[in-house]
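Here is final.cif, consisting of mmCIF, C-alpha atoms (C1' of nucleotides):
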data_structure
loop_
_atom_site.label_atom_id
_atom_site.label_comp_id
_atom_site.auth_asym_id
_atom_site.auth_seq_id
_atom_site.Cartn_x
_atom_site.Cartn_y
_atom_site.Cartn_z
CA MET A 1325 0.00 0.00 0.00
CA GLN A 1326 1.26 3.41 -1.00
CA ALA A 1327 1.53 5.67 2.04
CA ASP A 1328 1.03 9.41 1.69
CA PRO A 1329 0.10 11.27 4.88
CA PHE A 1330 -0.56 14.42 2.88
CA SER A 1331 -3.48 12.87 1.07
CA ALA A 1332 -6.69 13.18 3.04
CA GLN A 1333 -7.94 9.75 1.91
CA CYS A 1334 -4.82 7.78 2.76
CA PRO A 1335 -5.15 5.62 5.86
CA SER A 1336 -1.75 6.79 7.06
CA ARG A 1337 -3.23 10.26 7.30
CA GLN A 1338 -6.08 8.90 9.36
CA VAL A 1339 -3.63 7.09 11.59
CA LEU A 1340 -1.72 10.33 11.96
CA ASP A 1341 -4.95 12.11 12.79
CA ARG A 1342 -5.59 9.64 15.59
CA ILE A 1343 -2.13 10.05 17.02
CA GLY A 1344 -2.39 13.75 16.46
CA ASP A 1345 -5.34 13.72 18.77
CA ARG A 1346 -5.23 15.70 21.95
CA TRP A 1347 -5.86 12.73 24.23
CA SER A 1348 -4.66 9.62 22.41
CA VAL A 1349 -0.99 10.18 23.15
CA LEU A 1350 -1.70 10.77 26.81
CA VAL A 1351 -3.85 7.66 27.04
CA ILE A 1352 -1.21 5.52 25.38
CA LEU A 1353 1.39 6.94 27.72
CA THR A 1354 -0.83 6.20 30.69
CA LEU A 1355 -1.27 2.60 29.63
CA ALA A 1356 2.45 2.20 28.96
CA ASP A 1357 3.03 0.63 32.36
CA GLY A 1358 0.30 -1.95 32.15
CA ARG A 1359 -3.40 -2.60 32.38
CA LYS A 1360 -5.55 0.07 33.97
CA ARG A 1361 -9.19 0.64 34.85
CA TYR A 1362 -11.24 3.38 33.29
CA GLY A 1363 -11.17 5.42 36.48
CA GLU A 1364 -7.42 5.09 36.83
CA VAL A 1365 -6.85 6.41 33.35
CA ALA A 1366 -9.32 9.21 33.99
CA SER A 1367 -7.59 10.39 37.13
CA ALA A 1368 -4.12 10.02 35.62
CA ILE A 1369 -4.88 12.46 32.83
CA GLU A 1370 -5.76 15.87 34.16
CA GLY A 1371 -8.44 17.64 32.16
CA VAL A 1372 -10.10 14.85 30.18
CA SER A 1373 -13.84 14.81 30.26
CA GLN A 1374 -15.50 11.43 30.62
CA LYS A 1375 -17.04 11.78 27.21
CA MET A 1376 -13.74 12.38 25.48
CA LEU A 1377 -11.94 9.67 27.41
CA THR A 1378 -14.56 7.12 26.43
CA GLN A 1379 -14.47 8.33 22.85
CA THR A 1380 -10.66 8.22 22.74
CA LEU A 1381 -10.53 4.73 24.24
CA ARG A 1382 -13.09 3.48 21.75
CA GLY A 1383 -11.10 4.95 18.90
CA LEU A 1384 -7.92 3.32 20.11
CA GLU A 1385 -9.75 0.04 20.53
CA ARG A 1386 -11.13 0.27 17.02
CA ASP A 1387 -7.65 0.86 15.66
CA GLY A 1388 -6.39 -2.19 17.48
CA LEU A 1389 -4.14 -0.26 19.85
CA VAL A 1390 -5.86 -1.15 23.12
CA THR A 1391 -8.05 -3.97 24.37
CA ARG A 1392 -11.17 -3.38 26.41
CA THR A 1393 -12.17 -5.99 28.95
CA VAL A 1394 -15.48 -5.78 30.75
CA HIS A 1395 -15.82 -7.72 33.99
CA ALA A 1396 -19.34 -8.78 34.90
CA GLU A 1397 -19.27 -7.37 38.41
CA VAL A 1398 -21.08 -4.81 40.43
CA PRO A 1399 -19.98 -2.08 40.46
CA PRO A 1400 -18.79 -2.58 36.87
CA ARG A 1401 -15.12 -2.90 36.10
CA VAL A 1402 -13.50 -2.25 32.75
CA ASP A 1403 -9.82 -2.76 32.04
CA TYR A 1404 -7.84 -1.25 29.23
CA GLU A 1405 -4.50 -2.53 28.05
CA LEU A 1406 -2.18 -1.84 25.16
CA THR A 1407 -2.06 -4.48 22.46
CA ARG A 1408 1.19 -5.51 20.83
CA LEU A 1409 0.44 -2.99 18.11
CA GLY A 1410 -0.15 -0.35 20.73
CA ARG A 1411 3.09 -1.12 22.49
CA SER A 1412 4.91 -0.84 19.16
CA LEU A 1413 3.84 2.81 19.16
CA LEU A 1414 5.48 3.51 22.50
CA GLY A 1415 8.85 4.18 20.93
CA ALA A 1416 7.57 6.93 18.68
CA VAL A 1417 5.37 8.42 21.37
CA GLY A 1418 8.21 8.29 23.81
CA ALA A 1419 10.44 10.17 21.38
CA LEU A 1420 7.79 12.87 21.25
CA THR A 1421 7.45 13.27 25.00
CA ASP A 1422 11.20 13.13 25.40
CA TRP A 1423 11.52 15.96 22.93
CA ALA A 1424 8.86 17.87 24.79
CA THR A 1425 10.53 17.49 28.16
CA VAL A 1426 13.97 18.31 26.79
CA HIS A 1427 12.85 21.40 24.88
CA ILE A 1428 10.27 22.87 27.23
CA ASP A 1429 12.54 25.71 28.15
CA ASP A 1430 13.34 26.61 24.56
CA VAL A 1431 9.67 26.71 23.71
CA VAL A 1432 8.71 28.71 26.78
CA GLU A 1433 11.45 31.18 26.00
CA ALA A 1434 10.39 31.45 22.35
CA ARG A 1435 6.83 32.12 23.43
CA ALA A 1436 7.85 34.83 25.88
CA SER A 1437 9.98 36.46 23.22
CA TYR A 1438 7.20 36.26 20.64
CA ASP A 1439 4.56 37.61 22.98
CA GLY A 1440 6.80 40.37 24.28
CA ARG A 1441 7.67 41.48 20.77
CA ARG A 1442 4.21 42.93 20.34
CA MET B 1335 12.01 22.41 35.41
CA GLN B 1336 9.93 19.42 36.39
CA ALA B 1337 8.21 17.93 33.35
CA ASP B 1338 4.86 16.20 33.71
CA PRO B 1339 2.78 15.92 30.55
CA PHE B 1340 -0.18 14.66 32.58
CA SER B 1341 -0.54 17.94 34.42
CA ALA B 1342 -2.62 20.43 32.48
CA GLN B 1343 -0.51 23.37 33.62
CA CYS B 1344 2.87 21.95 32.70
CA PRO B 1345 4.43 23.45 29.59
CA SER B 1346 5.38 20.00 28.36
CA ARG B 1347 1.68 19.26 28.17
CA GLN B 1348 1.15 22.39 26.15
CA VAL B 1349 4.00 21.41 23.87
CA LEU B 1350 2.43 17.99 23.49
CA ASP B 1351 -0.88 19.65 22.72
CA ARG B 1352 0.74 21.62 19.92
CA ILE B 1353 2.36 18.55 18.45
CA GLY B 1354 -0.82 16.64 19.01
CA ASP B 1355 -2.52 19.12 16.77
CA ARG B 1356 -4.16 17.92 13.61
CA TRP B 1357 -2.08 20.12 11.30
CA SER B 1358 1.21 20.87 13.07
CA VAL B 1359 2.83 17.55 12.29
CA LEU B 1360 1.87 17.82 8.64
CA VAL B 1361 3.23 21.37 8.41
CA ILE B 1362 6.52 20.39 10.03
CA LEU B 1363 6.78 17.45 7.66
CA THR B 1364 6.09 19.71 4.70
CA LEU B 1365 8.82 22.11 5.74
CA ALA B 1366 11.27 19.27 6.37
CA ASP B 1367 12.83 19.69 2.94
CA GLY B 1368 13.42 23.40 3.15
CA ARG B 1369 11.85 26.83 2.98
CA LYS B 1370 8.40 27.10 1.44
CA ARG B 1371 5.88 29.78 0.62
CA TYR B 1372 2.46 29.91 2.19
CA GLY B 1373 0.77 28.73 -0.97
CA GLU B 1374 3.17 25.84 -1.37
CA VAL B 1375 2.46 24.60 2.12
CA ALA B 1376 -1.26 25.05 1.53
CA SER B 1377 -1.29 22.95 -1.62
CA ALA B 1378 1.00 20.30 -0.15
CA ILE B 1379 -1.39 19.54 2.68
CA GLU B 1380 -4.72 18.35 1.39
CA GLY B 1381 -7.66 19.53 3.42
CA VAL B 1382 -6.29 22.44 5.44
CA SER B 1383 -8.40 25.54 5.45
CA GLN B 1384 -6.58 28.84 5.06
CA LYS B 1385 -7.63 29.87 8.51
CA MET B 1386 -6.21 26.80 10.18
CA LEU B 1387 -3.01 26.89 8.16
CA THR B 1388 -2.39 30.48 9.17
CA GLN B 1389 -3.25 29.70 12.76
CA THR B 1390 -1.01 26.63 12.82
CA LEU B 1391 1.90 28.50 11.26
CA ARG B 1392 1.52 31.32 13.78
CA GLY B 1393 1.48 28.83 16.62
CA LEU B 1394 4.60 27.13 15.35
CA GLU B 1395 6.28 30.49 14.93
CA ARG B 1396 5.33 31.47 18.46
CA ASP B 1397 6.84 28.26 19.78
CA GLY B 1398 10.06 28.96 17.92
CA LEU B 1399 9.71 26.03 15.54
CA VAL B 1400 9.42 27.96 12.28
CA THR B 1401 10.48 31.37 11.05
CA ARG B 1402 8.19 33.61 9.06
CA THR B 1403 9.79 35.93 6.53
CA VAL B 1404 7.74 38.58 4.76
CA HIS B 1405 9.15 39.97 1.51
CA ALA B 1406 8.04 43.49 0.66
CA GLU B 1407 6.92 42.68 -2.85
CA VAL B 1408 3.81 42.78 -4.86
CA PRO B 1409 2.19 40.33 -4.97
CA PRO B 1410 3.12 39.54 -1.37
CA ARG B 1411 5.48 36.70 -0.60
CA VAL B 1412 5.92 34.98 2.75
CA ASP B 1413 8.40 32.22 3.41
CA TYR B 1414 8.28 29.69 6.20
CA GLU B 1415 11.24 27.66 7.33
CA LEU B 1416 12.03 25.32 10.19
CA THR B 1417 14.31 26.71 12.87
CA ARG B 1418 17.01 24.61 14.47
CA LEU B 1419 14.56 23.80 17.21
CA GLY B 1420 12.01 22.81 14.62
CA ARG B 1421 14.46 20.56 12.82
CA SER B 1422 15.29 18.89 16.12
CA LEU B 1423 11.68 17.71 16.16
CA LEU B 1424 11.98 15.97 12.81
CA GLY B 1425 13.36 12.81 14.36
CA ALA B 1426 10.40 12.31 16.65
CA VAL B 1427 7.88 13.30 14.00
CA GLY B 1428 9.57 11.03 11.51
CA ALA B 1429 9.29 8.13 13.93
CA LEU B 1430 5.58 8.79 14.12
CA THR B 1431 5.00 8.88 10.38
CA ASP B 1432 7.24 5.86 9.91
CA TRP B 1433 5.12 3.97 12.40
CA ALA B 1434 2.00 5.11 10.58
CA THR B 1435 3.23 3.96 7.19
CA VAL B 1436 4.52 0.64 8.51
CA HIS B 1437 1.36 -0.19 10.46
CA ILE B 1438 -1.34 1.12 8.15
CA ASP B 1439 -2.42 -2.36 7.21
CA ASP B 1440 -2.67 -3.54 10.81
CA VAL B 1441 -4.83 -0.56 11.70
CA VAL B 1442 -7.05 -0.89 8.65
CA GLU B 1443 -7.53 -4.57 9.41
CA ALA B 1444 -8.30 -3.85 13.08
CA ARG B 1445 -10.89 -1.30 12.03
CA ALA B 1446 -12.55 -3.64 9.59
CA SER B 1447 -12.66 -6.35 12.25
CA TYR B 1448 -14.06 -3.95 14.86
CA ASP B 1449 -16.68 -2.52 12.53
CA GLY B 1450 -17.68 -5.91 11.23
CA ARG B 1451 -18.10 -7.27 14.72
CA ARG B 1452 -20.99 -4.88 15.25
"C1'" DT C 1186 -35.13 2.91 52.17
"C1'" DC C 1187 -31.56 5.33 50.51
"C1'" DC C 1188 -27.00 5.71 49.10
"C1'" DA C 1189 -22.51 4.55 47.16
"C1'" DA C 1190 -19.64 2.81 43.48
"C1'" DT C 1191 -18.43 2.66 38.38
"C1'" DG C 1192 -18.49 3.26 33.53
"C1'" DC C 1193 -20.72 5.08 30.53
"C1'" DT C 1194 -24.57 8.04 27.84
"C1'" DT C 1195 -27.35 12.04 27.04
"C1'" DC C 1196 -28.44 16.90 26.96
"C1'" DC C 1197 -27.31 21.72 26.76
"C1'" DC C 1198 -24.50 25.21 25.30
"C1'" DG C 1199 -20.20 27.73 24.44
"C1'" DT C 1200 -16.11 27.28 21.42
"C1'" DT C 1201 -13.87 25.79 17.36
"C1'" DG C 1202 -13.19 24.96 12.59
"C1'" DG C 1203 -14.63 25.05 7.55
"C1'" DA C 1204 -16.37 27.52 3.30
"C1'" DG C 1205 -16.33 31.28 0.90
"C1'" DA C 1206 -16.07 36.14 0.17
"C1'" DG C 1207 -13.48 40.32 1.02
"C1'" DT C 1208 -8.92 43.13 1.43
"C1'" DA C 1209 -4.43 45.46 0.24
"C1'" DG C 1210 -1.67 47.37 -3.27
"C1'" DG C 1211 1.34 47.71 -7.00
"C1'" DC C 1212 1.41 46.18 -11.94
"C1'" DA C 1213 0.01 44.72 -16.70
"C1'" DC C 1214 -3.17 45.41 -20.23
"C1'" DC C 1215 -6.76 47.69 -23.03
"C1'" DG D 62 -7.85 55.85 -16.60
"C1'" DG D 63 -10.21 51.89 -15.51
"C1'" DT D 64 -10.18 46.87 -14.96
"C1'" DG D 65 -8.41 42.80 -13.38
"C1'" DC D 66 -4.75 39.97 -11.34
"C1'" DC D 67 -1.80 38.06 -7.82
"C1'" DT D 68 -0.91 36.35 -2.89
"C1'" DA D 69 -1.44 35.95 1.86
"C1'" DC D 70 -4.23 36.61 4.69
"C1'" DT D 71 -8.81 38.22 7.39
"C1'" DC D 72 -13.72 38.32 8.20
"C1'" DT D 73 -18.33 36.43 8.45
"C1'" DC D 74 -21.58 32.93 8.96
"C1'" DC D 75 -22.93 28.48 10.35
"C1'" DA D 76 -22.41 23.60 11.51
"C1'" DA D 77 -19.93 20.45 14.30
"C1'" DC D 78 -17.22 19.39 18.25
"C1'" DG D 79 -16.09 19.24 23.14
"C1'" DG D 80 -16.87 20.27 28.24
"C1'" DG D 81 -19.93 20.01 32.38
"C1'" DA D 82 -23.37 18.07 34.67
"C1'" DA D 83 -26.99 14.98 35.31
"C1'" DG D 84 -29.01 10.46 34.35
"C1'" DC D 85 -28.75 5.29 34.12
"C1'" DA D 86 -28.10 0.40 35.51
"C1'" DT D 87 -27.00 -2.84 39.15
"C1'" DT D 88 -26.38 -4.63 43.71
"C1'" DG D 89 -24.34 -4.62 48.29
"C1'" DG D 90 -24.36 -2.06 52.58
"C1'" DA D 91 -25.81 1.38 56.42
#

Turn the structure described in the file into structure tokens.
Amino acid sequence: MQADPFSAQCPSRQVLDRIGDRWSVLVILTLADGRKRYGEVASAIEGVSQKMLTQTLRGLERDGLVTRTVHAEVPPRVDYELTRLGRSLLGAVGALTDWATVHIDDVVEARASYDGRR
Amino acid sequence: MQADPFSAQCPSRQVLDRIGDRWSVLVILTLADGRKRYGEVASAIEGVSQKMLTQTLRGLERDGLVTRTVHAEVPPRVDYELTRLGRSLLGAVGALTDWATVHIDDVVEARASYDGRR
DNA sequence: TCCAATGCTTCCCGTTGGAGAGTAGGCACC
DNA sequence: GGTGCCTACTCTCCAACGGGAAGCATTGGA
């Protein structure tokens, strides 16, 4: 299959859109160290609404990046875990967060300079 | 500075939010092979609206990832180019797109399976 | 009887993004 | 002299998206 992220129809673009989603990267990062319940993921990521977390998790499940396991208990319990495919993404995502942590200061400085310039 | 992408206030989260923006990655990728005019970037990325392209470019400029050069000509000409900081992101972004191109088929298959199951 | 716990789902509404038209301003052409 | 063109925006209008809060289902416990 010919991959061209610049073409709107190409699946690689859609994959990029998923990764380039505000919450997906954070969810994947959260699940990096193993299986977690819905509530654990929710409290780990500051600022997600329940709606978006559910939506994000469903999207990741659909793309085969996480598995969703429902336990027939009361109160209900749902576990999420990265699949092998999902774990294969950790390298790339890690590179991104590493870059972010290393270059925070540069970016903050650039912003201050840009904002002060006006 | 203590980096914690999971905290909404932390700059690293904001940096991640920028990268995890639908268009930023595509713009950075487009500028990977050198300086480009606004119109060139616009036609390279299928599906961006002018508004969002301008907004994305301004955001990247603010964060010190691209430079914006206005030439006093008629018709107007504006060049965009990655800064050193911006180029330092290429590795991480490249890893992401590489993953996307390598795993397209897996994702497409997972989607088909998920959609068919319901 | 009423509440708590958990993972959603639904509703309302403010914010965001897309489509398309408008703008500036010097230049070529009739 | 008037008309139109060129590019990089900028503005306006409207639909879609996302956040907040409340509702739901189920069953054990005070």

Run the PyMOL selection byres ((chain B) within 10 of (chain C)) on the file and write out the hits as a ChimeraX atom specification. /B:1381-1386,1407-1410

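Applied to the file shown here, the PyMOL selection byres ((chain A and resi 1407-1421) around 8) selects Val1349, Ile1352, Leu1353, Ala1356, Gly1388, Leu1389, Val1390, Thr1391, Glu1405, Leu1406, Asp1422, Trp1423, Ala1424 and Thr1425 of chain A; Pro1339, Ser1346, Leu1350, Ala1426, Val1427, Ala1429, Leu1430, Trp1433 and Asp1440 of chain B.
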
Restrict the distance test to all atoms listed in the file, flag each residue of chain D within 9 Å of chain B, and return the flagged residues as a list in words. DC67, DT68, DA69, DC70 and DT71 of chain D

Taking the file above as input, evaluate the PyMOL selection byres ((chain A) within 6 of (chain B)) and report the hits as a PyMOL selection string. chain A and resi 1327+1330-1332+1336+1341+1344-1346+1369-1370+1386-1388+1416+1419-1420+1424-1425+1428+1431+1434-1435+1438

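CA of His1395 in chain A is positioned 19.0 Å from CA of Leu1377 in chain A.
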
The centre and edge lengths of an axis-aligned box containing all atoms of range 1337-1350 of chain A present in the file, extended by 6 Å on each side, are to be given in Å to one decimal, as lines of an AutoDock Vina configuration file.
center_x = -3.5
center_y = 11.4
center_z = 17.1
size_x = 17.1
size_y = 20.6
size_z = 31.5

Atom pair CA of Lys1360 in chain A / CA of Asp1403 in chain A: separation (Å):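 Interatomic distance, CA of Lys1360 in chain A to CA of Asp1403 in chain A: 5.5 Å.
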
Kindly give the distance, in Å, that separates CA of Asp1367 in chain B and CA of Thr1403 in chain B, rounded to a single decimal.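 These atoms are spaced 16.9 Å apart.
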